[in-house]
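Engineer: Have a peek at coords.cif (mmCIF, C-alpha atoms and all ligand atoms).
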```
data_entry
loop_
_atom_site.label_atom_id
_atom_site.label_comp_id
_atom_site.auth_asym_id
_atom_site.auth_seq_id
_atom_site.Cartn_x
_atom_site.Cartn_y
_atom_site.Cartn_z
CA MET A 1 0.00 0.00 0.00
CA ARG A 2 2.68 2.48 1.01
CA LYS A 3 4.60 1.68 -2.06
CA ARG A 4 1.56 2.34 -4.33
CA THR A 5 0.73 5.73 -2.64
CA TYR A 6 4.26 6.82 -3.17
CA ARG A 7 4.01 5.97 -6.86
CA ILE A 8 0.76 7.99 -7.26
CA ASN A 9 2.31 11.02 -5.55
CA ARG A 10 5.25 10.84 -7.90
CA ILE A 11 2.90 10.78 -10.94
CA LYS A 12 1.00 13.79 -9.52
CA LEU A 13 4.27 15.63 -9.05
CA PHE A 14 5.29 14.99 -12.64
CA ALA A 15 1.87 16.13 -13.89
CA MET A 16 2.10 19.37 -11.91
CA LEU A 17 5.61 20.03 -13.21
CA ALA A 18 4.46 19.42 -16.78
CA LEU A 19 1.52 21.78 -16.26
CA LEU A 20 3.85 24.46 -14.87
CA LEU A 21 6.13 24.08 -17.90
CA VAL A 22 3.19 24.46 -20.28
CA LEU A 23 1.97 27.56 -18.38
CA LEU A 24 5.48 29.05 -18.49
CA LEU A 25 5.72 28.43 -22.24
CA MET A 26 2.30 30.06 -22.81
CA LEU A 27 3.41 33.06 -20.72
CA ILE A 28 6.57 33.48 -22.85
CA LEU A 29 4.54 33.27 -26.08
CA LEU A 30 2.06 35.83 -24.72
CA VAL A 31 4.83 38.28 -23.82
CA ARG A 32 6.41 37.89 -27.30
CA ALA A 33 3.06 38.46 -29.01
CA VAL A 34 2.45 41.66 -27.01
CA LEU A 35 5.86 43.12 -28.04
CA LYS A 36 5.97 45.49 -31.07
CA PRO A 37 6.72 43.75 -34.40
CA GLU A 38 9.85 45.93 -35.12
CA ASP A 39 11.48 44.45 -32.04
CA GLU A 40 11.33 41.08 -33.72
CA PRO A 41 14.52 40.08 -35.49
CA GLY A 42 12.48 38.80 -38.46
CA ALA A 43 11.16 42.29 -39.25
CA VAL A 44 14.59 43.50 -40.38
CA ALA A 45 14.80 40.77 -42.98
CA ARG A 46 11.32 41.59 -44.29
CA VAL A 47 12.34 45.20 -45.02
CA THR A 48 14.63 44.06 -47.83
CA GLU A 49 11.65 42.54 -49.62
CA GLU A 50 10.11 45.99 -50.13
CA PRO A 51 10.27 47.40 -53.68
CA ILE A 52 13.85 48.36 -54.42
CA TYR A 53 13.12 51.64 -56.15
CA THR A 54 11.09 54.18 -54.21
CA PRO A 55 10.83 57.95 -54.28
CA ALA A 56 13.45 59.89 -52.35
CA PRO A 57 14.24 57.84 -49.27
CA THR A 58 16.74 59.39 -46.87
CA LEU A 59 20.29 58.12 -46.78
CA ILE A 60 19.73 56.11 -43.62
CA ASP A 61 16.57 54.60 -45.09
CA LEU A 62 18.53 53.47 -48.12
CA TYR A 63 21.03 51.51 -46.10
CA ALA A 64 18.31 49.75 -44.11
CA TYR A 65 16.22 49.32 -47.21
CA PHE A 66 18.59 47.72 -49.57
CA ASP A 67 20.82 44.90 -48.55
CA TRP A 68 23.61 45.36 -51.09
CA THR A 69 25.22 42.08 -50.15
CA GLU A 70 22.17 40.12 -51.30
CA THR A 71 21.66 41.85 -54.66
CA THR A 72 24.02 40.06 -57.01
CA ASP A 73 27.19 38.07 -57.21
CA ASN A 74 30.08 39.57 -55.35
CA ILE A 75 33.02 40.87 -57.32
CA ARG A 76 36.62 41.40 -56.30
CA VAL A 77 37.65 45.05 -56.56
CA TYR A 78 41.29 46.09 -56.27
CA ASP A 79 41.38 49.52 -54.57
CA HIS A 80 44.52 51.00 -56.11
CA ARG A 81 44.66 53.91 -53.67
CA ALA A 82 44.46 51.76 -50.55
CA ASP A 83 46.39 48.92 -52.22
CA LYS A 84 43.95 46.23 -51.11
CA LEU A 85 41.46 43.78 -52.56
CA VAL A 86 37.85 44.35 -51.47
CA THR A 87 34.86 42.12 -52.14
CA MET A 88 31.48 43.78 -52.71
CA SER A 89 28.25 43.23 -54.59
CA LEU A 90 28.17 44.19 -58.27
CA GLU A 91 25.49 46.86 -57.68
CA GLU A 92 27.39 48.42 -54.79
CA TYR A 93 30.45 48.61 -57.05
CA ILE A 94 28.41 50.25 -59.83
CA VAL A 95 27.25 52.99 -57.40
CA GLY A 96 30.91 53.83 -56.75
CA VAL A 97 31.66 53.80 -60.48
CA VAL A 98 28.77 56.07 -61.48
CA ALA A 99 29.70 58.41 -58.59
CA ALA A 100 33.22 58.67 -59.96
CA GLU A 101 32.55 58.61 -63.71
CA MET A 102 29.61 61.04 -64.07
CA PRO A 103 28.80 64.32 -62.28
CA ALA A 104 26.07 63.55 -59.72
CA TYR A 105 24.15 66.69 -60.72
CA TYR A 106 23.55 65.28 -64.21
CA ASP A 107 19.94 64.47 -65.08
CA PHE A 108 18.56 61.36 -63.40
CA GLU A 109 17.94 59.59 -66.74
CA ALA A 110 21.57 60.24 -67.75
CA LEU A 111 22.73 58.71 -64.45
CA LYS A 112 20.58 55.66 -65.18
CA ALA A 113 22.04 55.34 -68.69
CA GLN A 114 25.52 55.57 -67.16
CA ALA A 115 24.64 52.87 -64.60
CA VAL A 116 23.59 50.45 -67.38
CA ALA A 117 26.66 51.29 -69.48
CA SER A 118 29.04 50.86 -66.52
CA ARG A 119 27.39 47.60 -65.44
CA THR A 120 27.65 46.23 -68.98
CA TYR A 121 31.24 47.43 -69.31
CA THR A 122 32.15 45.73 -66.02
CA LEU A 123 30.59 42.37 -66.89
CA TYR A 124 32.03 42.47 -70.41
CA SER A 125 35.52 43.12 -69.00
CA MET A 126 35.09 40.31 -66.46
CA ALA A 127 34.07 37.94 -69.24
CA HIS A 128 37.23 38.92 -71.13
CA GLY A 129 39.84 38.29 -68.46
CA GLY A 130 38.98 40.89 -65.80
CA CYS A 131 41.45 43.52 -64.65
CA HIS A 132 44.57 43.43 -66.80
CA THR A 133 46.96 44.79 -64.17
CA ASN A 134 45.71 42.84 -61.12
CA PRO A 135 45.21 39.13 -61.84
CA ASP A 136 43.50 38.52 -58.47
CA ALA A 137 40.86 41.18 -59.10
CA ASP A 138 37.80 41.27 -61.36
CA VAL A 139 38.16 45.05 -61.66
CA CYS A 140 40.34 47.79 -60.24
CA THR A 141 39.61 51.40 -59.27
CA ASN A 142 42.22 52.95 -61.56
CA SER A 143 40.49 54.73 -64.46
CA LYS A 144 43.57 54.23 -66.61
CA CYS A 145 42.95 50.46 -66.43
CA CYS A 146 39.30 49.78 -65.55
CA GLN A 147 36.68 52.35 -64.47
CA ALA A 148 37.07 55.10 -61.89
CA PHE A 149 35.51 54.29 -58.51
CA SER A 150 34.65 56.32 -55.39
CA THR A 151 34.54 54.82 -51.92
CA HIS A 152 32.08 56.36 -49.44
CA GLU A 153 34.99 58.20 -47.83
CA ARG A 154 35.97 59.67 -51.18
CA MET A 155 32.36 60.64 -51.97
CA GLN A 156 32.16 62.44 -48.62
CA ASN A 157 35.43 64.28 -49.29
CA THR A 158 34.40 65.24 -52.82
CA TRP A 159 30.77 66.14 -52.17
CA GLY A 160 30.92 67.54 -48.64
CA ASN A 161 27.46 68.71 -47.58
CA ASP A 162 25.92 67.33 -50.77
CA TYR A 163 27.01 63.80 -49.92
CA ALA A 164 23.61 62.50 -48.78
CA ASN A 165 21.73 64.03 -51.73
CA ASN A 166 24.26 62.97 -54.34
CA TYR A 167 24.62 59.48 -52.95
CA ASN A 168 20.85 59.07 -53.05
CA ARG A 169 20.68 60.20 -56.67
CA VAL A 170 23.41 57.85 -57.80
CA ALA A 171 22.23 54.89 -55.71
CA GLN A 172 18.67 55.30 -56.98
CA ALA A 173 19.89 55.43 -60.59
CA VAL A 174 21.72 52.15 -59.99
CA MET A 175 18.87 50.50 -58.09
CA GLY A 176 16.33 51.73 -60.63
CA THR A 177 18.21 49.81 -63.33
CA ALA A 178 19.43 46.93 -61.14
CA GLY A 179 20.76 44.06 -63.23
CA GLU A 180 20.15 45.74 -66.60
CA VAL A 181 22.82 45.33 -69.26
CA LEU A 182 23.24 45.97 -72.99
CA THR A 183 23.44 43.02 -75.35
CA TYR A 184 23.88 42.69 -79.09
CA LYS A 185 22.53 39.48 -80.63
CA GLY A 186 22.41 37.95 -77.14
CA LYS A 187 25.99 38.80 -76.20
CA LEU A 188 27.21 41.45 -73.80
CA CYS A 189 28.39 44.68 -75.42
CA ASP A 190 31.69 46.42 -74.87
CA ALA A 191 29.83 49.50 -73.66
CA LEU A 192 32.48 52.16 -74.16
CA TYR A 193 31.65 55.71 -73.11
CA HIS A 194 33.34 59.08 -72.93
CA ALA A 195 32.83 62.51 -71.39
CA CYS A 196 31.86 64.56 -74.45
CA SER A 197 31.91 63.79 -78.17
CA GLY A 198 32.11 67.35 -79.46
CA GLY A 199 28.95 66.83 -81.50
CA GLN A 200 29.67 63.52 -83.25
CA THR A 201 30.60 60.13 -81.79
CA GLU A 202 33.05 57.83 -83.58
CA ASP A 203 33.04 54.42 -85.30
CA SER A 204 34.96 52.05 -83.01
CA GLU A 205 37.49 51.02 -85.69
CA ASN A 206 38.61 54.63 -86.09
CA VAL A 207 39.89 54.61 -82.52
CA TYR A 208 40.36 50.92 -81.63
CA ALA A 209 41.18 47.70 -83.43
CA ASN A 210 37.72 46.40 -84.24
CA ALA A 211 34.59 47.54 -86.04
CA LEU A 212 31.85 46.63 -83.59
CA PRO A 213 28.34 46.85 -85.06
CA TYR A 214 26.86 48.57 -82.01
CA LEU A 215 29.64 51.17 -81.75
CA ARG A 216 28.76 53.35 -84.76
CA GLY A 217 29.32 57.07 -84.87
CA VAL A 218 26.17 59.16 -84.43
CA GLU A 219 25.41 62.83 -84.25
CA SER A 220 25.26 64.04 -80.64
CA PRO A 221 23.19 67.19 -80.91
CA TYR A 222 22.35 68.01 -77.29
CA GLU A 223 25.85 68.45 -75.92
CA ASP A 224 26.21 71.62 -73.95
CA PRO A 225 28.81 72.89 -74.01
CA MET A 226 30.93 71.16 -76.66
CA ARG A 227 33.92 71.45 -74.34
CA GLN A 228 36.08 73.45 -76.72
CA GLU A 229 39.61 74.03 -75.57
CA ASP A 230 42.57 75.74 -77.21
CA VAL A 231 46.00 74.40 -76.31
CA GLU A 232 49.03 76.45 -77.33
CA LEU A 233 52.38 74.69 -77.48
CA GLY A 234 55.54 76.75 -78.03
CA GLU A 235 57.98 75.85 -80.81
CA ASP A 236 60.66 74.54 -78.45
CA ALA A 237 58.17 72.34 -76.63
CA LEU A 238 56.82 70.97 -79.92
CA VAL A 239 60.26 70.10 -81.28
CA GLU A 240 61.20 68.45 -78.00
CA LEU A 241 58.00 66.38 -77.85
CA ILE A 242 58.18 65.24 -81.47
CA ALA A 243 61.92 64.48 -81.49
CA ALA A 244 61.69 62.44 -78.27
CA LYS A 245 58.80 60.27 -79.46
CA TYR A 246 59.41 60.24 -83.23
CA PRO A 247 63.14 60.92 -83.85
CA GLU A 248 62.82 59.45 -87.37
CA SER A 249 60.44 62.28 -88.32
CA GLY A 250 63.36 64.68 -88.84
CA VAL A 251 61.40 67.55 -87.32
CA ASN A 252 63.60 70.36 -85.99
CA ALA A 253 63.35 74.04 -85.09
CA ASP A 254 64.01 75.12 -88.69
CA ASN A 255 61.41 72.98 -90.47
CA LEU A 256 58.79 72.81 -87.66
CA ARG A 257 56.11 75.05 -89.15
CA SER A 258 56.07 73.20 -92.45
CA SER A 259 56.31 69.79 -90.78
CA ILE A 260 53.00 69.57 -88.93
CA GLU A 261 50.03 68.93 -91.19
CA ILE A 262 46.59 67.29 -90.82
CA VAL A 263 46.52 64.87 -93.77
CA SER A 264 43.02 63.45 -93.34
CA THR A 265 40.03 63.53 -91.02
CA TYR A 266 37.15 61.11 -90.46
CA ALA A 267 33.55 62.08 -91.24
CA SER A 268 33.16 62.95 -87.55
CA GLY A 269 35.82 65.63 -87.83
CA ARG A 270 38.38 63.71 -85.76
CA VAL A 271 41.89 63.64 -87.16
CA GLU A 272 42.68 60.38 -88.95
CA THR A 273 46.27 61.09 -89.95
CA LEU A 274 48.70 63.80 -88.90
CA ARG A 275 52.03 64.28 -90.65
CA LEU A 276 55.06 65.11 -88.52
CA GLY A 277 57.88 65.65 -91.01
CA LYS A 278 58.62 62.27 -92.58
CA THR A 279 56.40 60.41 -90.10
CA LYS A 280 52.64 59.90 -90.15
CA ILE A 281 50.73 59.27 -86.92
CA THR A 282 47.07 58.70 -86.08
CA GLY A 283 44.83 61.29 -84.46
CA LYS A 284 44.77 59.11 -81.35
CA GLN A 285 48.58 59.18 -81.20
CA ALA A 286 48.55 62.94 -81.73
CA ARG A 287 46.10 63.34 -78.88
CA SER A 288 48.41 61.41 -76.60
CA LEU A 289 51.58 63.17 -77.80
CA PHE A 290 50.29 66.72 -77.37
CA GLY A 291 48.08 66.03 -74.32
CA LEU A 292 44.84 66.99 -76.08
CA ARG A 293 41.35 66.32 -74.73
CA SER A 294 40.25 64.77 -78.00
CA ALA A 295 41.36 63.86 -81.50
CA MET A 296 38.80 66.31 -82.89
CA PHE A 297 41.11 69.26 -83.48
CA THR A 298 42.38 71.81 -85.97
CA ILE A 299 45.72 73.62 -85.88
CA THR A 300 46.59 77.28 -86.35
CA TRP A 301 49.92 78.97 -85.78
CA SER A 302 50.55 81.82 -83.36
CA GLU A 303 53.66 83.88 -82.78
CA ASN A 304 54.84 81.40 -80.16
CA GLY A 305 53.92 78.11 -81.74
CA ALA A 306 50.95 75.91 -82.65
CA VAL A 307 47.43 76.27 -81.26
CA PHE A 308 45.36 73.08 -81.16
CA HIS A 309 41.64 73.89 -81.15
CA THR A 310 39.95 70.83 -79.66
CA LYS A 311 36.30 69.88 -79.36
CA GLY A 312 34.95 67.21 -77.01
CA TYR A 313 36.62 65.18 -74.29
CA GLY A 314 37.62 61.53 -74.53
CA HIS A 315 37.89 58.92 -77.30
CA GLY A 316 34.41 59.63 -78.70
CA VAL A 317 33.22 56.00 -78.97
CA GLY A 318 29.87 54.83 -77.57
CA LEU A 319 27.83 56.87 -75.09
CA SER A 320 28.64 60.55 -74.73
CA GLN A 321 27.98 61.43 -71.09
CA ASN A 322 27.48 65.10 -71.87
CA GLY A 323 25.22 64.19 -74.79
CA ALA A 324 23.24 61.79 -72.59
CA ASN A 325 22.66 64.58 -70.09
CA GLY A 326 21.50 66.86 -72.90
CA MET A 327 19.10 64.21 -74.21
CA ALA A 328 17.73 63.61 -70.69
CA LYS A 329 17.10 67.34 -70.28
CA HIS A 330 15.14 67.21 -73.53
CA GLY A 331 12.89 64.48 -72.13
CA PHE A 332 14.50 61.31 -73.42
CA THR A 333 14.47 58.28 -71.11
CA TYR A 334 17.59 56.32 -70.24
CA GLU A 335 16.42 53.52 -72.55
CA GLU A 336 16.10 55.96 -75.45
CA ILE A 337 19.52 57.42 -74.67
CA LEU A 338 21.16 53.97 -74.64
CA HIS A 339 19.44 52.89 -77.85
CA TYR A 340 20.60 56.12 -79.47
CA TYR A 341 24.31 55.84 -78.64
CA TYR A 342 24.56 52.04 -78.97
CA THR A 343 23.23 50.85 -82.33
CA ASN A 344 20.70 47.98 -82.41
CA VAL A 345 21.30 46.82 -78.85
CA GLN A 346 18.87 45.23 -76.41
CA ILE A 347 18.47 46.16 -72.77
CA THR A 348 18.38 42.84 -70.94
CA VAL A 349 18.34 41.89 -67.27
CA TYR A 350 21.60 40.20 -66.30
CA GLY A 351 21.02 36.55 -65.65
CA ALA A 352 17.87 36.41 -67.79
CA ASP A 353 17.50 33.61 -70.32
CA GLY A 354 19.66 33.89 -73.39
CA LEU A 355 22.59 35.61 -71.74
CA PRO A 356 25.85 33.74 -71.58
CA ASP A 357 27.23 32.62 -68.24
CA ILE A 358 29.11 35.82 -67.53
CA THR A 359 31.94 34.56 -65.40
CA HIS A 360 32.72 31.52 -67.48
CA GLU A 361 32.47 32.84 -71.01
CA THR A 362 35.49 31.97 -73.10
CA PRO A 363 37.39 35.16 -73.91
CA ASP A 364 37.32 36.15 -77.56
CA PRO A 365 40.86 37.28 -78.37
CA SER A 366 39.75 39.21 -81.44
CA GLU A 367 37.69 41.56 -79.26
CA SER A 368 40.07 41.99 -76.35
CA ALA A 369 42.24 44.45 -78.29
CA LEU A 370 39.72 47.14 -77.46
CA SER A 371 40.92 49.56 -74.85
CA LEU A 372 39.28 49.18 -71.48
CA ASN A 373 39.85 52.82 -70.63
CA PRO A 374 36.68 54.90 -71.16
CA GLU A 375 38.69 58.11 -71.39
CA GLY A 376 40.95 56.32 -73.90
ZN ZN B 1 42.04 47.26 -63.79
#
```
Starting from the file, lay out its structure as structure tokens.
Structural biologist:
Amino acid sequence: MRKRTYRINRIKLFAMLALLLVLLLMLILLVRAVLKPEDEPGAVARVTEEPIYTPAPTLIDLYAYFDWTETTDNIRVYDHRADKLVTMSLEEYIVGVVAAEMPAYYDFEALKAQAVASRTYTLYSMAHGGCHTNPDADVCTNSKCCQAFSTHERMQNTWGNDYANNYNRVAQAVMGTAGEVLTYKGKLCDALYHACSGGQTEDSENVYANALPYLRGVESPYEDPMRQEDVELGEDALVELIAAKYPESGVNADNLRSSIEIVSTYASGRVETLRLGKTKITGKQARSLFGLRSAMFTITWSENGAVFHTKGYGHGVGLSQNGANGMAKHGFTYEEILHYYYTNVQITVYGADGLPDITHETPDPSESALSLNPEG
């Protein structure tokens, strides 16, 4: 009997303990349910599922709103100023590129066109061997090799009090076109661009090795201003420059004025061939030799030496940034701007059907001769 009573008491004890546990659990659940939803850790994750592109969020909103790390594949960026390799999302990288490559005050549609061009340019470069000077990196931040790039610190230093506004503009242009790239017959384009064409963009083969069907010269009527610049070089400086680079030309102080002659120009007005004494060089070589903004120039002589009258800024191939801004101000959308400067291209979302596997595409050696420097 005693033994049995003892057993019943033990069962009762267990039952009471179990009941207490259940009550405790219910109490915890009740307390959690009463708490505000934003205190829940799950609410933070839900925020990123909101629409990516919204009107004018504040800077702090943007950071909370858009989880850059989850947008696209990460890419390896070599920061040439800090001398280190950084990994970031493609879209985050494009924000830094647009911030560095185009004035943030440019029209919003122009910024969007730039975002698509820069994204395409990046993925095209990656598919063709990545950064040429840093084998471990997909891209670098040196504009002489890949595209220019601004870190947040650099944006703050450059923009000062306008940092929040400018960052928002650029980030929204990138987010508003997230994933969009230019393709031609299903393949990524080499989306070259430049600061200002001077009124006419250039056929790719007149500046680089290959005639690409989507890089055809077009009139660029809305550029304002045309970025005209006169560069005067004294006779001594000219002789020194020419003799150092082209000693076989035979140019000296006595024959200088009769030795420099524009032999031919392209339909765009850019110099095709320049004669330096017994040597002929291309307009591109002349631009580099004399430090000119563009190969669209004429020459007159002053008392001191030669005056190069240049129009435009950059190589002149593909999108003109200044022209894009002009078009945007005249009401053209970023799609219209891109279709205007890149002939017969499609605007496709990266990763959509029909696009090649970007990171594993076999490089085409015949196309890699194109310069990767937008300012060329
Ligand atoms: Zn590079």
Engineer: Identify, counting all atoms listed in the file, the protein, DNA and RNA residues located within 12 Å of ligand ZN 1 (chain B), and give them as a PyMOL selection string.
Structural biologist: chain A and resi 76-80+85+122+125-126+129-149+371-374
Engineer: Output C-alpha atoms of each residue in that selection to a file, as a short mmCIF file (atom, residue, chain, number, x, y, z; two decimals), in the frame of the given file.
Structural biologist:
```cif
data_model
loop_
_atom_site.label_atom_id
_atom_site.label_comp_id
_atom_site.auth_asym_id
_atom_site.auth_seq_id
_atom_site.Cartn_x
_atom_site.Cartn_y
_atom_site.Cartn_z
CA ARG A 76 36.62 41.40 -56.30
CA VAL A 77 37.65 45.05 -56.56
CA TYR A 78 41.29 46.09 -56.27
CA ASP A 79 41.38 49.52 -54.57
CA HIS A 80 44.52 51.00 -56.11
CA LEU A 85 41.46 43.78 -52.56
CA THR A 122 32.15 45.73 -66.02
CA SER A 125 35.52 43.12 -69.00
CA MET A 126 35.09 40.31 -66.46
CA GLY A 129 39.84 38.29 -68.46
CA GLY A 130 38.98 40.89 -65.80
CA CYS A 131 41.45 43.52 -64.65
CA HIS A 132 44.57 43.43 -66.80
CA THR A 133 46.96 44.79 -64.17
CA ASN A 134 45.71 42.84 -61.12
CA PRO A 135 45.21 39.13 -61.84
CA ASP A 136 43.50 38.52 -58.47
CA ALA A 137 40.86 41.18 -59.10
CA ASP A 138 37.80 41.27 -61.36
CA VAL A 139 38.16 45.05 -61.66
CA CYS A 140 40.34 47.79 -60.24
CA THR A 141 39.61 51.40 -59.27
CA ASN A 142 42.22 52.95 -61.56
CA SER A 143 40.49 54.73 -64.46
CA LYS A 144 43.57 54.23 -66.61
CA CYS A 145 42.95 50.46 -66.43
CA CYS A 146 39.30 49.78 -65.55
CA GLN A 147 36.68 52.35 -64.47
CA ALA A 148 37.07 55.10 -61.89
CA PHE A 149 35.51 54.29 -58.51
CA SER A 371 40.92 49.56 -74.85
CA LEU A 372 39.28 49.18 -71.48
CA ASN A 373 39.85 52.82 -70.63
CA PRO A 374 36.68 54.90 -71.16
#
```
Engineer: Have a look at A:Thr282, A:Ser89, A:Leu111, A:Ala253 and name the one nearest to A:Ile75; count only C-alpha atoms.
Structural biologist: A:Ser89
Engineer: Can you work out which one of A:Leu90, A:Ser258, A:Asn252, A:Leu292 has the shortest atom-to-atom distance to A:Ala237, counting only C-alpha atoms?
Structural biologist: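 Closest to A:Ala237 of all the choices is A:Asn252.
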Engineer: Rounded to one decimal place, report the atom CA of A:Asn322-atom CA of A:Cys196 distance in Å.
Structural biologist: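 Atom CA of A:Cys196 lies at a distance of 5.1 Å from atom CA of A:Asn322.
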Engineer: Distance atom CA of A:Ile281-atom CA of A:Asn255, one decimal place?
Structural biologist: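 Between atom CA of A:Ile281 and atom CA of A:Asn255 the gap works out to 17.7 Å.
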Engineer: Residues within 7 Å of A:Tyr124, please, as JSON, numbers by chain. Count all atoms listed in the file; anything in the same chain fewer than 5 positions from it doesn't count.
Structural biologist: {"A": [188, 189, 190]}
